[in-house]
>>> print(open('start_18.cif').read())   # mmCIF, C-alpha atoms
data_entry
loop_
_atom_site.label_atom_id
_atom_site.label_comp_id
_atom_site.auth_asym_id
_atom_site.auth_seq_id
_atom_site.Cartn_x
_atom_site.Cartn_y
_atom_site.Cartn_z
CA MET A 1 114.36 50.96 146.29
CA GLY A 2 110.71 51.10 145.27
CA GLU A 3 111.28 48.16 142.95
CA VAL A 4 112.68 46.12 145.86
CA LEU A 5 109.64 46.77 148.02
CA GLN A 6 107.31 45.98 145.12
CA SER A 7 109.21 42.73 144.60
CA ILE A 8 108.61 41.78 148.24
CA ARG A 9 104.87 42.27 147.80
CA GLU A 10 104.77 40.30 144.55
CA ARG A 11 106.69 37.33 146.02
CA MET A 12 104.34 36.86 148.97
CA VAL A 13 103.13 33.29 149.50
CA LYS A 14 100.15 32.21 151.60
CA PHE A 15 100.76 29.78 154.47
CA TYR A 16 98.08 27.93 156.44
CA ALA A 17 98.06 27.37 160.20
CA SER A 18 98.64 23.67 160.88
CA ASP A 19 95.86 23.57 163.49
CA ASP A 20 93.34 25.61 161.50
CA ASN A 21 93.30 25.89 157.70
CA ALA A 22 90.85 28.78 157.92
CA ILE A 23 93.70 31.02 159.13
CA THR A 24 96.50 32.11 156.81
CA LEU A 25 99.41 34.50 156.80
CA ASN A 26 101.55 35.84 153.99
CA ALA A 27 105.30 35.46 153.97
CA VAL A 28 108.19 35.90 151.56
CA GLN A 29 111.67 34.40 151.58
CA GLY A 30 114.70 36.65 151.35
CA HIS A 31 117.23 38.52 153.48
CA PHE A 32 115.63 40.72 156.13
CA ALA A 33 116.73 42.41 159.34
CA THR A 34 114.97 43.01 162.64
CA SER A 35 116.29 45.20 165.45
CA SER A 36 118.33 42.30 166.81
CA SER A 37 118.66 39.62 164.14
CA HIS A 38 118.63 38.69 160.47
CA ILE A 39 115.94 36.35 159.16
CA ASN A 40 115.23 34.53 155.89
CA TYR A 41 111.47 35.18 155.91
CA TYR A 42 109.44 38.34 156.19
CA ILE A 43 106.13 37.39 157.81
CA ASP A 44 103.19 39.67 157.12
CA VAL A 45 100.32 39.33 159.62
CA THR A 46 98.61 42.57 158.58
CA SER A 47 95.37 40.96 157.42
CA LEU A 48 95.09 39.02 160.68
CA LYS A 49 95.32 42.28 162.63
CA VAL A 50 93.13 44.61 160.58
CA ARG A 51 90.36 42.47 159.08
CA ALA A 52 87.59 41.87 161.60
CA LYS A 53 86.62 38.43 160.31
CA GLU A 54 90.20 37.15 160.30
CA ALA A 55 90.95 38.72 163.69
CA ARG A 56 87.93 36.93 165.12
CA GLU A 57 89.15 33.59 163.72
CA VAL A 58 92.62 34.20 165.20
CA ALA A 59 91.09 34.97 168.60
CA ARG A 60 89.09 31.75 168.54
CA ALA A 61 92.18 29.71 167.60
CA LEU A 62 94.32 31.35 170.29
CA LYS A 63 91.63 30.65 172.89
CA ASN A 64 91.75 26.97 171.96
CA LYS A 65 95.53 26.93 172.38
CA LEU A 66 95.24 28.51 175.83
CA LEU A 67 92.60 26.01 177.03
CA HIS A 68 93.87 23.60 179.71
CA HIS A 69 97.09 25.63 180.04
CA VAL A 70 95.91 29.01 181.31
CA THR A 71 93.12 29.27 183.87
CA THR A 72 92.80 32.99 184.59
CA VAL A 73 93.25 36.07 182.40
CA ASP A 74 92.49 39.51 183.80
CA THR A 75 94.37 41.64 181.25
CA ILE A 76 95.59 41.27 177.68
CA VAL A 77 98.62 43.44 176.87
CA CYS A 78 98.67 44.04 173.10
CA MET A 79 101.89 44.68 171.19
CA ASP A 80 102.49 45.39 167.48
CA GLY A 81 99.00 46.76 166.85
CA THR A 82 97.14 43.60 167.88
CA GLU A 83 94.36 45.41 169.77
CA VAL A 84 91.60 44.24 167.39
CA ILE A 85 92.58 40.62 167.97
CA GLY A 86 92.88 41.39 171.68
CA ALA A 87 89.28 42.62 171.83
CA TYR A 88 87.96 39.50 170.12
CA LEU A 89 90.17 37.29 172.30
CA ALA A 90 88.76 38.96 175.41
CA GLU A 91 85.26 38.07 174.21
CA GLU A 92 86.32 34.46 173.69
CA LEU A 93 87.87 34.27 177.16
CA GLU A 94 84.72 35.67 178.74
CA LYS A 95 82.53 32.86 177.41
CA GLY A 96 83.11 30.81 180.53
CA HIS A 97 86.27 28.78 179.99
CA PHE A 98 88.58 31.15 181.87
CA ALA A 99 88.39 32.81 185.27
CA ASN A 100 88.54 36.59 185.68
CA ASN A 101 89.25 38.46 188.91
CA ASN A 102 88.34 41.98 187.74
CA LYS A 103 85.54 43.63 189.68
CA HIS A 104 83.93 44.69 186.39
CA GLU A 105 83.85 41.00 185.32
CA THR A 106 85.49 41.77 182.01
CA VAL A 107 88.99 41.41 180.54
CA TYR A 108 91.08 44.57 180.31
CA ILE A 109 92.84 45.30 176.99
CA VAL A 110 95.82 47.65 177.12
CA ALA A 111 99.02 48.50 175.24
CA PRO A 112 102.24 49.94 176.66
CA GLU A 113 103.65 53.29 175.66
CA VAL A 114 107.16 53.56 174.24
CA ASN A 115 109.09 56.61 175.49
CA SER A 116 111.84 58.59 173.77
CA VAL A 117 114.57 56.15 174.84
CA ASN A 118 112.62 53.10 173.61
CA GLN A 119 111.48 52.01 177.08
CA LEU A 120 108.06 50.48 177.62
CA LEU A 121 105.84 52.03 180.26
CA PHE A 122 102.29 52.17 181.54
CA ARG A 123 100.85 55.50 182.67
CA GLU A 124 99.25 55.78 186.10
CA ASN A 125 95.73 55.53 184.67
CA ILE A 126 96.61 52.19 183.01
CA ARG A 127 98.71 50.80 185.86
CA PRO A 128 95.69 49.39 187.78
CA SER A 129 95.05 47.17 184.76
CA ILE A 130 98.48 45.57 185.26
CA GLU A 131 99.28 45.62 188.98
CA GLY A 132 98.17 42.40 190.65
CA LYS A 133 96.56 41.13 187.42
CA ASN A 134 97.01 37.86 185.55
CA VAL A 135 98.39 39.10 182.25
CA LEU A 136 98.47 37.52 178.80
CA LEU A 137 100.90 39.11 176.32
CA LEU A 138 99.64 39.23 172.72
CA LEU A 139 101.99 40.15 169.87
CA ALA A 140 102.54 39.70 166.14
CA THR A 141 105.88 37.87 165.95
CA MET A 142 108.36 36.33 168.37
CA THR A 143 111.70 35.34 166.82
CA THR A 144 114.74 35.84 169.07
CA GLY A 145 112.60 36.63 172.11
CA ASP A 146 114.33 39.94 172.88
CA THR A 147 111.19 42.06 172.47
CA VAL A 148 109.11 39.58 174.46
CA ARG A 149 111.60 39.53 177.32
CA ARG A 150 111.55 43.31 177.43
CA SER A 151 107.76 43.30 177.47
CA VAL A 152 107.60 40.65 180.19
CA GLU A 153 110.09 42.62 182.31
CA CYS A 154 107.93 45.72 181.91
CA ILE A 155 104.74 43.89 182.90
CA GLU A 156 106.40 42.32 185.93
CA TYR A 157 107.93 45.66 186.92
CA TYR A 158 104.42 47.09 187.13
CA GLY A 159 103.27 44.18 189.27
CA GLY A 160 101.65 41.97 186.66
CA ASN A 161 101.64 38.17 186.86
CA MET A 162 102.50 36.66 183.48
CA VAL A 163 100.26 33.72 182.56
CA GLY A 164 101.32 33.31 178.94
CA VAL A 165 102.59 34.78 175.68
CA ALA A 166 100.45 34.49 172.54
CA PRO A 167 102.33 35.41 169.34
CA LEU A 168 100.73 35.08 165.93
CA PHE A 169 104.07 33.60 164.81
CA GLY A 170 106.65 32.30 167.26
CA THR A 171 109.85 30.28 167.28
CA MET A 172 109.89 29.35 170.98
CA GLU A 173 107.65 27.47 173.37
CA ARG A 174 108.79 29.34 176.46
CA ILE A 175 110.30 32.69 177.45
CA GLY A 176 111.98 32.25 180.82
CA HIS A 177 109.29 30.89 183.14
CA THR A 178 106.44 31.96 180.83
CA GLU A 179 104.88 29.51 178.38
CA ALA A 180 104.26 30.63 174.79
CA PHE A 181 101.28 29.62 172.64
CA PRO A 182 102.10 30.61 169.02
CA LEU A 183 99.42 30.35 166.36
CA PHE A 184 102.00 29.75 163.61
CA THR A 185 105.38 28.11 164.24
CA THR A 186 108.48 27.29 162.21
CA ASN A 187 106.74 24.04 161.26
CA ASP A 188 104.33 26.14 159.21
CA LEU A 189 107.11 28.01 157.35
CA PRO A 190 109.53 25.48 155.82
CA GLY A 191 113.18 26.41 156.31
CA TYR A 192 112.58 29.45 158.51
CA GLN A 193 115.84 30.60 160.14
CA THR A 194 117.09 33.47 162.24
CA PHE A 195 120.72 34.57 162.63
CA THR A 196 122.75 36.99 164.69
CA PRO A 197 123.99 39.77 162.38
CA HIS A 198 127.64 38.69 162.51
CA GLU A 199 126.74 35.06 161.71
CA CYS A 200 124.30 35.78 158.89
CA PRO A 201 125.16 33.61 155.84
CA TYR A 202 123.49 36.09 153.48
CA CYS A 203 125.75 38.90 154.67
CA LYS A 204 128.81 36.67 154.31
CA LYS A 205 127.81 36.04 150.69
CA GLY A 206 127.34 39.77 150.07
CA ILE A 207 123.58 39.49 149.59
CA PRO A 208 122.05 42.84 150.57
CA ILE A 209 119.29 43.21 153.14
CA GLU A 210 115.97 43.79 151.38
CA ALA A 211 114.13 45.56 154.18
CA MET A 212 113.88 46.21 157.90
CA VAL A 213 110.96 44.29 159.41
CA ASN A 214 109.05 44.09 162.69
CA GLY A 215 105.60 43.19 163.96
CA PHE A 216 104.11 46.23 162.22
CA GLY A 217 105.49 45.55 158.75
CA PHE A 218 108.51 46.25 156.55
CA SER A 219 110.29 49.36 155.33
CA LYS A 220 113.27 50.29 153.21
CA LEU A 221 116.67 50.75 154.85
#
>>> encode(input="start_18.cif", output="structure tokens")
Amino acid sequence: MGEVLQSIRERMVKFYASDDNAITLNAVQGHFATSSSHINYYIDVTSLKVRAKEAREVARALKNKLLHHVTTVDTIVCMDGTEVIGAYLAEELEKGHFANNNKHETVYIVAPEVNSVNQLLFRENIRPSIEGKNVLLLLATMTTGDTVRRSVECIEYYGGNMVGVAPLFGTMERIGHTEAFPLFTTNDLPGYQTFTPHECPYCKKGIPIEAMVNGFGFSKL
């Protein structure tokens, strides 16, 4: 199994954002599984999340995508460990292009908690950052949209007003009534596909799954 994981790392290829060649992600083709689908690419956005310089570039690019589409952002809800990008994005939003209704005149940056039954929640001390706020959802990847829908439902349950979804990689332009502003799309990864598990062509050919993947990374089965 260690050889399989090493192979994934060695096969990584760098892809450039179509709107900004200064921003890249690493991806590898193969047979991978998420919690709800099978995909033919594993997308690694680790460097974009953990390197300050790259996170700053991502924040600037996301701000440009939001311009003329989103007018007010009070809170950024960060999923998949995107808090560093969220902090830089908040700084970009506070430079005067976006309105903010918070009495502290700054954007709030929060992340939901996941309880023992895999439900998202916000504790009472964080709830004021969601209730009545214009919320932007920031996350690593958006493929089938299941995780995003669950996140949006959670935010709306706590009284938040969704103004947009900003994935680093996304396959959709809209989730329900909420517009999405992905940094990378399927146009940037040639041949990217996602399948339901029972329709996966790799499984039908007997090709084993290489790893389980999500917005945090990949791991052996």
>>> closest_residue(input="start_18.cif", among="A:Thr24, A:Gln119, A:Glu83, A:Pro197", to="A:Leu48", atoms="only C-alpha atoms")
A:Thr24
>>> residues_around(input="start_18.cif", residues="A:His68", least_positions_apart="4", cutoff="12 Å", atoms="all atoms listed in the file", output="ChimeraX atom specification")
/A:63-64,72,97-98,181
>>> residues_near_point(input="start_18.cif", point="(103.4, 41.3, 188.1)", cutoff="10 Å", atoms="only C-alpha atoms", output="ChimeraX atom specification")
/A:130-135,152-163
>>> write_last_selection(input="start_18.cif", atoms="C-alpha atoms", output="PDB file, keeping the file's coordinate frame")
ATOM      1  CA  ILE A 130      98.480  45.570 185.260  1.00  0.00           C
ATOM      2  CA  GLU A 131      99.280  45.620 188.980  1.00  0.00           C
ATOM      3  CA  GLY A 132      98.170  42.400 190.650  1.00  0.00           C
ATOM      4  CA  LYS A 133      96.560  41.130 187.420  1.00  0.00           C
ATOM      5  CA  ASN A 134      97.010  37.860 185.550  1.00  0.00           C
ATOM      6  CA  VAL A 135      98.390  39.100 182.250  1.00  0.00           C
ATOM      7  CA  VAL A 152     107.600  40.650 180.190  1.00  0.00           C
ATOM      8  CA  GLU A 153     110.090  42.620 182.310  1.00  0.00           C
ATOM      9  CA  CYS A 154     107.930  45.720 181.910  1.00  0.00           C
ATOM     10  CA  ILE A 155     104.740  43.890 182.900  1.00  0.00           C
ATOM     11  CA  GLU A 156     106.400  42.320 185.930  1.00  0.00           C
ATOM     12  CA  TYR A 157     107.930  45.660 186.920  1.00  0.00           C
ATOM     13  CA  TYR A 158     104.420  47.090 187.130  1.00  0.00           C
ATOM     14  CA  GLY A 159     103.270  44.180 189.270  1.00  0.00           C
ATOM     15  CA  GLY A 160     101.650  41.970 186.660  1.00  0.00           C
ATOM     16  CA  ASN A 161     101.640  38.170 186.860  1.00  0.00           C
ATOM     17  CA  MET A 162     102.500  36.660 183.480  1.00  0.00           C
ATOM     18  CA  VAL A 163     100.260  33.720 182.560  1.00  0.00           C
TER      19      VAL A 163
END
>>> resolve_selection(input="start_18.cif", expression="the PyMOL selection byres ((chain A and resi 27-42) around 8)", output="PyMOL selection string")
chain A and resi 8+11-15+25-26+43-44+144+146+192-197+200+202+207-214+218
>>> resolve_selection(input="start_18.cif", expression="the PyMOL selection byres ((chain A and resi 62) around 9)", output="list in words")
Glu57, Val58, Ala59, Arg60, Ala61, Lys63, Asn64, Lys65, Leu66, Leu67, Leu89, Ala166, Leu168, Phe181, Pro182 and Leu183 of chain A
>>> resolve_selection(input="start_18.cif", expression="the PyMOL selection byres ((chain A and resi 101) around 12)", output="MDAnalysis selection string")
chainID A and resid 71:75 94 98:100 102:108 129 132:135
>>> closest_residue(input="start_18.cif", among="A:Glu173, A:Arg123, A:Glu179, A:Arg149", to="A:His69", atoms="all atoms listed in the file")
A:Glu179
>>> atom_distance(input="start_18.cif", atom1="atom CA of A:Pro112", atom2="atom CA of A:Phe184")
24.0 Å
>>> atom_distance(input="start_18.cif", atom1="atom CA of A:Glu91", atom2="atom CA of A:Leu120")
26.2 Å
>>> atom_distance(input="start_18.cif", atom1="atom CA of A:Phe169", atom2="atom CA of A:Asp188")
9.3 Å
>>> closest_residue(input="start_18.cif", among="A:Val77, A:Asn125, A:Thr82, A:Gly145", to="A:Val110", atoms="only C-alpha atoms")
A:Val77
